[in-house]
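Trainee: Quick one, input_17.cif (mmCIF, C-alpha atoms):
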```cif
data_work
loop_
_atom_site.label_atom_id
_atom_site.label_comp_id
_atom_site.auth_asym_id
_atom_site.auth_seq_id
_atom_site.Cartn_x
_atom_site.Cartn_y
_atom_site.Cartn_z
CA MET A 1 -9.82 -65.23 29.59
CA SER A 2 -7.49 -67.66 31.38
CA SER A 3 -7.82 -68.12 35.12
CA ARG A 4 -4.36 -66.68 35.65
CA LYS A 5 -5.15 -63.51 33.70
CA THR A 6 -8.41 -63.20 35.58
CA LEU A 7 -6.59 -63.56 38.87
CA ARG A 8 -4.11 -60.85 37.87
CA LEU A 9 -6.98 -58.51 37.01
CA ILE A 10 -8.68 -59.19 40.32
CA CYS A 11 -5.46 -58.45 42.18
CA GLY A 12 -5.25 -55.11 40.42
CA PHE A 13 -8.80 -54.18 41.44
CA ALA A 14 -8.25 -55.37 44.98
CA GLY A 15 -5.09 -53.31 45.37
CA GLY A 16 -3.03 -56.46 45.97
CA SER A 17 0.74 -56.29 46.04
CA ALA A 18 3.05 -57.93 43.51
CA ALA A 19 4.06 -60.44 46.16
CA LEU A 20 0.46 -61.45 46.76
CA LEU A 21 -0.15 -61.85 43.03
CA PHE A 22 2.91 -64.06 42.66
CA THR A 23 1.89 -66.23 45.62
CA ALA A 24 -1.62 -66.69 44.27
CA ALA A 25 -0.29 -67.63 40.82
CA VAL A 26 2.03 -70.25 42.30
CA ALA A 27 -0.77 -71.64 44.42
CA GLU A 28 -2.97 -71.98 41.36
CA SER A 29 -0.26 -73.76 39.35
CA ARG A 30 0.16 -76.30 42.12
CA GLY A 31 -3.51 -77.08 42.20
CA TYR A 32 -4.34 -75.42 45.49
CA PHE A 33 -7.33 -73.75 43.85
CA ALA A 34 -8.54 -76.94 42.08
CA GLU A 35 -12.26 -77.40 41.80
CA ARG A 36 -14.05 -79.72 44.16
CA PRO A 37 -17.67 -80.76 44.23
CA GLY A 38 -19.83 -77.93 45.58
CA GLU A 39 -17.02 -75.36 45.47
CA ALA A 40 -16.48 -72.34 43.24
CA THR A 41 -14.11 -72.43 40.31
CA GLY A 42 -10.40 -72.12 40.99
CA TRP A 43 -10.05 -68.45 40.01
CA TRP A 44 -13.02 -67.46 42.18
CA SER A 45 -11.50 -69.31 45.15
CA ALA A 46 -8.30 -67.35 44.52
CA PHE A 47 -10.34 -64.19 44.62
CA GLY A 48 -11.71 -65.27 48.01
CA VAL A 49 -8.17 -65.61 49.36
CA LEU A 50 -7.18 -62.20 48.02
CA ARG A 51 -10.32 -60.58 49.34
CA ALA A 52 -9.65 -62.02 52.79
CA ALA A 53 -6.21 -60.39 52.72
CA GLN A 54 -7.66 -56.96 52.04
CA PRO A 55 -8.95 -54.55 54.69
CA ALA A 56 -12.71 -54.46 55.14
CA TRP A 57 -14.50 -52.18 52.68
CA THR A 58 -15.51 -48.91 54.30
CA SER A 59 -17.20 -45.76 53.11
CA VAL A 60 -14.79 -43.24 51.59
CA SER A 61 -17.00 -40.32 52.61
CA PRO A 62 -15.93 -38.65 55.87
CA ALA A 63 -18.58 -38.12 58.48
CA THR A 64 -19.86 -34.56 58.77
CA SER A 65 -19.63 -32.66 62.03
CA GLY A 66 -23.35 -32.00 61.99
CA ASN A 67 -22.78 -28.28 62.42
CA SER A 68 -24.57 -26.01 59.98
CA TRP A 69 -23.40 -22.59 58.80
CA ASP A 70 -24.57 -19.75 61.02
CA PHE A 71 -25.67 -17.03 58.59
CA ASN A 72 -26.11 -14.59 61.46
CA TRP A 73 -22.53 -14.99 62.70
CA ASP A 74 -21.91 -11.22 62.44
CA LYS A 75 -25.35 -10.30 63.82
CA ARG A 76 -26.20 -8.59 60.52
CA GLU A 77 -28.54 -11.13 58.95
CA PRO A 78 -31.63 -9.17 57.76
CA SER A 79 -34.13 -11.83 58.83
CA ALA A 80 -32.71 -11.82 62.35
CA LEU A 81 -32.76 -8.03 62.50
CA ARG A 82 -36.37 -7.98 61.33
CA LYS A 83 -37.41 -10.12 64.28
CA GLU A 84 -35.94 -7.54 66.63
CA LYS A 85 -37.80 -4.63 65.04
CA ALA A 86 -41.52 -4.48 64.37
CA SER A 87 -42.50 -3.13 60.96
CA ASP A 88 -45.68 -2.60 58.94
CA ASP A 89 -43.80 -3.79 55.84
CA PRO A 90 -41.34 -6.56 56.81
CA THR A 91 -40.37 -7.21 53.18
CA LEU A 92 -39.32 -3.61 52.62
CA GLU A 93 -37.42 -3.51 55.89
CA ALA A 94 -35.58 -6.72 55.09
CA ASP A 95 -34.60 -5.38 51.67
CA ASN A 96 -33.31 -2.14 53.17
CA GLY A 97 -31.26 -4.03 55.75
CA LYS A 98 -29.69 -6.47 53.30
CA ALA A 99 -26.06 -6.07 52.27
CA LYS A 100 -25.51 -5.63 48.55
CA ALA A 101 -21.73 -5.45 48.23
CA THR A 102 -18.88 -7.87 48.88
CA ARG A 103 -16.08 -7.02 51.29
CA ASN A 104 -12.55 -8.20 50.53
CA ILE A 105 -10.20 -8.05 53.50
CA LEU A 106 -6.49 -8.54 52.89
CA LEU A 107 -4.71 -9.39 56.14
CA ILE A 108 -0.96 -8.71 56.02
CA ARG A 109 1.44 -10.08 58.57
CA HIS A 110 4.12 -7.54 59.54
CA SER A 111 7.65 -7.97 58.19
CA GLN A 112 10.65 -9.38 60.05
CA TYR A 113 11.64 -7.34 63.09
CA ASN A 114 14.37 -7.09 65.72
CA LEU A 115 13.51 -9.75 68.31
CA SER A 116 16.21 -8.59 70.71
CA GLY A 117 14.73 -5.12 71.12
CA ASN A 118 13.84 -3.96 74.62
CA GLY A 119 10.14 -3.20 74.38
CA ASP A 120 7.92 -2.47 71.42
CA LYS A 121 9.63 0.74 70.29
CA GLU A 122 12.99 -1.00 69.86
CA ARG A 123 11.47 -3.93 67.98
CA SER A 124 11.62 -2.23 64.64
CA LEU A 125 11.98 -3.85 61.23
CA THR A 126 15.27 -5.42 60.19
CA SER A 127 16.81 -4.64 56.81
CA LEU A 128 15.26 -7.86 55.52
CA GLY A 129 11.95 -6.82 57.02
CA ARG A 130 12.00 -3.55 55.09
CA GLU A 131 12.72 -5.45 51.88
CA GLN A 132 9.79 -7.75 52.62
CA ALA A 133 7.47 -4.80 53.13
CA GLU A 134 8.55 -3.34 49.81
CA LEU A 135 7.82 -6.66 48.09
CA THR A 136 4.41 -6.89 49.74
CA GLY A 137 3.60 -3.33 48.71
CA GLU A 138 4.63 -4.08 45.13
CA ARG A 139 2.46 -7.19 45.13
CA LEU A 140 -0.60 -5.35 46.42
CA ALA A 141 -0.13 -2.61 43.83
CA ALA A 142 0.30 -5.19 41.06
CA LEU A 143 -3.09 -6.71 41.87
CA GLY A 144 -4.64 -3.55 40.46
CA LEU A 145 -7.37 -3.33 43.07
CA LYS A 146 -9.02 -0.15 44.28
CA TYR A 147 -8.19 -0.19 47.98
CA ASP A 148 -10.45 1.73 50.33
CA VAL A 149 -8.32 1.88 53.46
CA LEU A 150 -5.11 0.56 55.03
CA VAL A 151 -5.51 -0.13 58.75
CA HIS A 152 -2.59 -1.28 60.89
CA SER A 153 -1.80 -2.36 64.41
CA SER A 154 -0.28 0.38 66.53
CA MET A 155 2.75 -1.78 67.36
CA THR A 156 6.04 -0.57 65.83
CA ARG A 157 6.68 -3.52 63.52
CA ALA A 158 3.16 -3.32 62.04
CA THR A 159 3.24 0.47 61.77
CA GLU A 160 6.56 0.46 59.89
CA THR A 161 5.35 -2.32 57.58
CA ALA A 162 2.19 -0.38 56.77
CA GLN A 163 4.10 2.83 56.11
CA ILE A 164 6.34 1.11 53.57
CA ILE A 165 3.37 -0.60 51.89
CA SER A 166 1.53 2.71 51.80
CA LYS A 167 4.20 4.21 49.52
CA HIS A 168 3.11 1.77 46.82
CA LEU A 169 -0.56 2.65 47.25
CA PRO A 170 -0.82 6.44 46.92
CA GLY A 171 -4.11 7.95 47.99
CA VAL A 172 -5.13 5.05 50.26
CA GLU A 173 -6.05 6.27 53.75
CA LEU A 174 -3.77 5.02 56.54
CA LYS A 175 -5.25 4.32 60.01
CA SER A 176 -3.85 2.93 63.26
CA CYS A 177 -5.78 0.71 65.68
CA ASP A 178 -4.84 -0.54 69.15
CA LEU A 179 -7.29 -3.44 68.97
CA LEU A 180 -5.08 -5.10 66.34
CA ARG A 181 -2.01 -5.37 68.58
CA GLU A 182 -0.45 -8.82 69.00
CA GLY A 183 -1.63 -11.08 71.80
CA ALA A 184 -2.86 -14.53 72.79
CA PRO A 185 -6.47 -14.80 71.55
CA ILE A 186 -7.49 -18.09 73.17
CA GLU A 187 -5.79 -21.09 74.72
CA PRO A 188 -4.74 -23.29 71.79
CA VAL A 189 -5.59 -26.95 71.33
CA PRO A 190 -3.46 -29.00 71.51
CA LEU A 191 -2.01 -27.26 74.52
CA VAL A 192 1.39 -25.59 74.40
CA THR A 193 3.12 -25.68 77.78
CA HIS A 194 5.31 -22.63 77.21
CA TRP A 195 2.40 -20.39 76.15
CA LYS A 196 0.55 -17.65 78.01
CA PRO A 197 -1.18 -17.98 81.39
CA GLU A 198 -4.97 -17.92 81.57
CA ALA A 199 -5.09 -14.28 82.71
CA VAL A 200 -3.39 -13.16 79.48
CA TYR A 201 -5.85 -15.13 77.35
CA HIS A 202 -8.70 -13.47 79.20
CA GLU A 203 -7.38 -9.96 78.54
CA ASP A 204 -5.93 -10.38 75.04
CA GLY A 205 -8.78 -12.60 73.91
CA ALA A 206 -11.44 -10.00 74.64
CA ARG A 207 -9.49 -7.31 72.75
CA ILE A 208 -8.78 -9.50 69.70
CA GLU A 209 -12.39 -10.66 69.60
CA ALA A 210 -13.44 -6.99 69.66
CA ALA A 211 -11.11 -6.39 66.70
CA PHE A 212 -12.72 -9.29 64.86
CA ARG A 213 -16.20 -7.88 65.39
CA LYS A 214 -15.07 -4.43 64.30
CA TYR A 215 -13.38 -5.45 61.05
CA ILE A 216 -14.72 -8.86 59.99
CA HIS A 217 -18.38 -8.67 58.96
CA ARG A 218 -20.54 -8.31 55.86
CA ALA A 219 -20.92 -4.93 54.17
CA ASP A 220 -23.19 -2.22 55.47
CA PRO A 221 -26.49 -2.07 53.52
CA LYS A 222 -25.56 1.47 52.39
CA GLN A 223 -22.38 0.20 50.69
CA LYS A 224 -23.09 -0.07 46.97
CA GLU A 225 -19.74 -1.24 45.53
CA ASP A 226 -17.41 -4.06 46.49
CA SER A 227 -14.60 -2.96 48.79
CA TYR A 228 -10.95 -3.92 49.27
CA GLU A 229 -9.47 -3.22 52.70
CA ILE A 230 -5.95 -3.93 53.93
CA ILE A 231 -5.19 -4.74 57.56
CA VAL A 232 -1.55 -4.99 58.63
CA CYS A 233 -1.26 -6.79 61.94
CA HIS A 234 0.12 -9.98 63.51
CA ALA A 235 0.16 -13.75 63.03
CA ASN A 236 -1.93 -14.61 66.09
CA VAL A 237 -4.56 -12.03 65.21
CA ILE A 238 -4.77 -13.16 61.58
CA ARG A 239 -4.99 -16.84 62.44
CA TYR A 240 -7.73 -16.20 64.96
CA PHE A 241 -9.65 -14.06 62.45
CA VAL A 242 -9.47 -16.87 59.87
CA CYS A 243 -10.79 -19.50 62.29
CA ARG A 244 -13.63 -17.26 63.47
CA ALA A 245 -14.60 -16.11 59.98
CA LEU A 246 -14.73 -19.66 58.61
CA GLN A 247 -16.55 -20.88 61.73
CA PHE A 248 -13.74 -23.29 62.53
CA PRO A 249 -12.91 -24.00 66.19
CA PRO A 250 -11.00 -20.85 67.22
CA GLU A 251 -8.72 -22.84 69.52
CA GLY A 252 -7.10 -24.28 66.39
CA TRP A 253 -5.45 -20.96 65.45
CA LEU A 254 -1.94 -22.09 66.43
CA ARG A 255 -1.99 -24.97 63.94
CA MET A 256 -1.31 -22.55 61.08
CA GLY A 257 1.91 -20.76 60.20
CA LEU A 258 2.37 -17.44 58.38
CA ASN A 259 5.47 -15.93 56.79
CA ASN A 260 6.41 -12.32 57.38
CA GLY A 261 4.80 -9.99 54.87
CA SER A 262 2.38 -12.69 53.70
CA ILE A 263 -1.12 -11.98 52.40
CA THR A 264 -4.27 -13.68 53.71
CA TRP A 265 -7.41 -12.81 51.76
CA LEU A 266 -10.94 -13.16 53.17
CA THR A 267 -14.06 -12.50 51.08
CA ILE A 268 -17.39 -11.81 52.80
CA ARG A 269 -20.47 -12.04 50.60
CA PRO A 270 -23.71 -10.10 51.16
CA SER A 271 -25.36 -13.38 52.18
CA GLY A 272 -22.91 -13.80 55.04
CA ARG A 273 -20.94 -16.54 53.34
CA VAL A 274 -17.18 -16.31 53.85
CA ALA A 275 -14.40 -17.62 51.61
CA LEU A 276 -10.65 -17.84 52.22
CA ARG A 277 -9.01 -16.95 48.91
CA THR A 278 -5.42 -17.16 50.14
CA LEU A 279 -3.77 -18.05 53.43
CA GLY A 280 -0.30 -16.67 54.10
CA ASP A 281 0.58 -16.13 50.45
CA SER A 282 4.24 -15.17 50.12
CA GLY A 283 4.96 -16.74 46.74
CA PHE A 284 5.73 -13.32 45.32
CA MET A 285 8.92 -13.17 47.43
CA PRO A 286 12.22 -14.79 46.41
CA PRO A 287 13.09 -17.81 48.62
CA ASP A 288 15.99 -15.95 50.26
CA LYS A 289 13.61 -13.21 51.44
CA LEU A 290 11.26 -15.52 53.37
CA SER A 291 11.14 -15.59 57.16
CA ARG A 292 8.68 -16.40 59.92
CA THR A 293 9.76 -14.47 63.03
#
```
Translate this file's structure into structure tokens.

Mentor:
Amino acid sequence: MSSRKTLRLICGFAGGSAALLFTAAVAESRGYFAERPGEATGWWSAFGVLRAAQPAWTSVSPATSGNSWDFNWDKREPSALRKEKASDDPTLEADNGKAKATRNILLIRHSQYNLSGNGDKERSLTSLGREQAELTGERLAALGLKYDVLVHSSMTRATETAQIISKHLPGVELKSCDLLREGAPIEPVPLVTHWKPEAVYHEDGARIEAAFRKYIHRADPKQKEDSYEIIVCHANVIRYFVCRALQFPPEGWLRMGLNNGSITWLTIRPSGRVALRTLGDSGFMPPDKLSRT
């Protein structure tokens, strides 16, 4: 292999630019890389020049945070429960307290609503919002899943969205919950100057955290089959739930965006492992039906 071909190959491996390759080739032709007593061959000297022009080699593996997964995040880990209760047969008690089914929780953001309404009652769905709810209902029905319950925030926009979705899922129980109302769960990082004062975080945060503990956890040991539950609520609530469930810093909730009528799917295994199957899926809607109000 000629020295010039070798140099070209080295440039390719080193990620060198075309300009650098050309410069090195010219330098070689003019004898700048000629051999001298005690020095490497010309092409290896060229490699030294190219290597010097490259950034220092570093590890491509990112450093881990050092945080391990907390399997007792929902306070339902059998081994932790066993420590709290004395038993003559710990093995039997642990088996009885272990979840056996998987919970699938589909979090739906409400559809577009009237932002200019005076108070919650007047902030009802727009015509586009009703179309979005119909599309979301059709999508949920098309998945062919056996839904166990449809819970919704008691706010008007979430209630109306749930009622429209419910028409596509006959026989699924419909429930309302005040804990799921919109609010500011925790002060976001990075800070947003126009956001809520600390007092609001304190009040809303406690309520939304209570909603998380009520709805996001592994299955009860008595549950034998996998379940599919729908919760229609709000962007802030959903984003906070996702961060908490995945054990991400909860203050990062505002870094995500969700379209109206979108579907976020959490899966909670009996072991306590949590997976995010979809985040804000709205691909089932035509582009002209998308919004994020």

Trainee: Do you know which residues lie at most 12 Å from (-11.6, -18.7, 66.9), with coordinates as in the file and all atoms listed in the file counted, and could you write them as number ranges by chain?

Mentor: A: 184-189, 205-206, 208-209, 212-213, 236-255

Trainee: Tell me, counting all atoms listed in the file, for each residue of segment 167-280 of chain A within 9 Å of segment 100-116 of chain A, which pair of atoms is nearest and how far apart they are in Å to one decimal, in rows ordered by chain and increasing number, as CSV.

Mentor:
```
residue,atom,partner,partner_atom,distance
A:Tyr215,CA,A:Ile105,CA,8.6
A:Ile216,CA,A:Ile105,CA,8.0
A:His217,CA,A:Arg103,CA,8.2
A:Arg218,CA,A:Arg103,CA,6.5
A:Ala219,CA,A:Arg103,CA,6.0
A:Asp220,CA,A:Lys100,CA,8.1
A:Pro221,CA,A:Lys100,CA,6.2
A:Lys222,CA,A:Lys100,CA,8.1
A:Gln223,CA,A:Ala101,CA,6.2
A:Lys224,CA,A:Ala101,CA,5.7
A:Glu225,CA,A:Ala101,CA,5.4
A:Asp226,CA,A:Thr102,CA,4.7
A:Ser227,CA,A:Arg103,CA,5.0
A:Tyr228,CA,A:Asn104,CA,4.7
A:Glu229,CA,A:Ile105,CA,4.9
A:Ile230,CA,A:Leu106,CA,4.8
A:Ile231,CA,A:Leu107,CA,4.9
A:Val232,CA,A:Ile108,CA,4.6
A:Cys233,CA,A:Arg109,CA,5.4
A:His234,CA,A:Arg109,CA,5.1
A:Ala235,CA,A:Arg109,CA,5.9
A:Ile238,CA,A:Leu107,CA,6.6
A:Leu258,CA,A:Arg109,CA,7.4
A:Asn259,CA,A:Arg109,CA,7.3
A:Asn260,CA,A:Ser111,CA,4.6
A:Gly261,CA,A:Ser111,CA,4.8
A:Ser262,CA,A:Arg109,CA,5.6
A:Ile263,CA,A:Ile108,CA,4.9
A:Thr264,CA,A:Leu107,CA,5.0
A:Trp265,CA,A:Leu106,CA,4.5
A:Leu266,CA,A:Ile105,CA,5.2
A:Thr267,CA,A:Asn104,CA,4.6
A:Ile268,CA,A:Arg103,CA,5.2
A:Arg269,CA,A:Thr102,CA,4.8
A:Pro270,CA,A:Lys100,CA,5.5
A:Ser271,CA,A:Lys100,CA,8.6
A:Gly280,CA,A:Arg109,CA,8.2
```

Trainee: Anything within 9 Å of (10.7, -7.6, 55.8): list those residues as a ChimeraX atom specification, counting all atoms listed in the file and sticking to the file's coordinates.

Mentor: /A:110-113,125-136,161,260-261,289-291

Trainee: What is the atom CA of Lys214 of chain A-atom CA of Gly183 of chain A distance in Å, reported with one decimal?

Mentor: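 Distance between the two atoms: 16.8 Å.
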
Trainee: When you count all atoms listed in the file, which of these residues is closest to Ala99 of chain A: A:His168, A:Arg273, A:Arg292, A:Arg139?

Mentor: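 Answer, going by the shortest atom-to-atom distance: A:Arg273.
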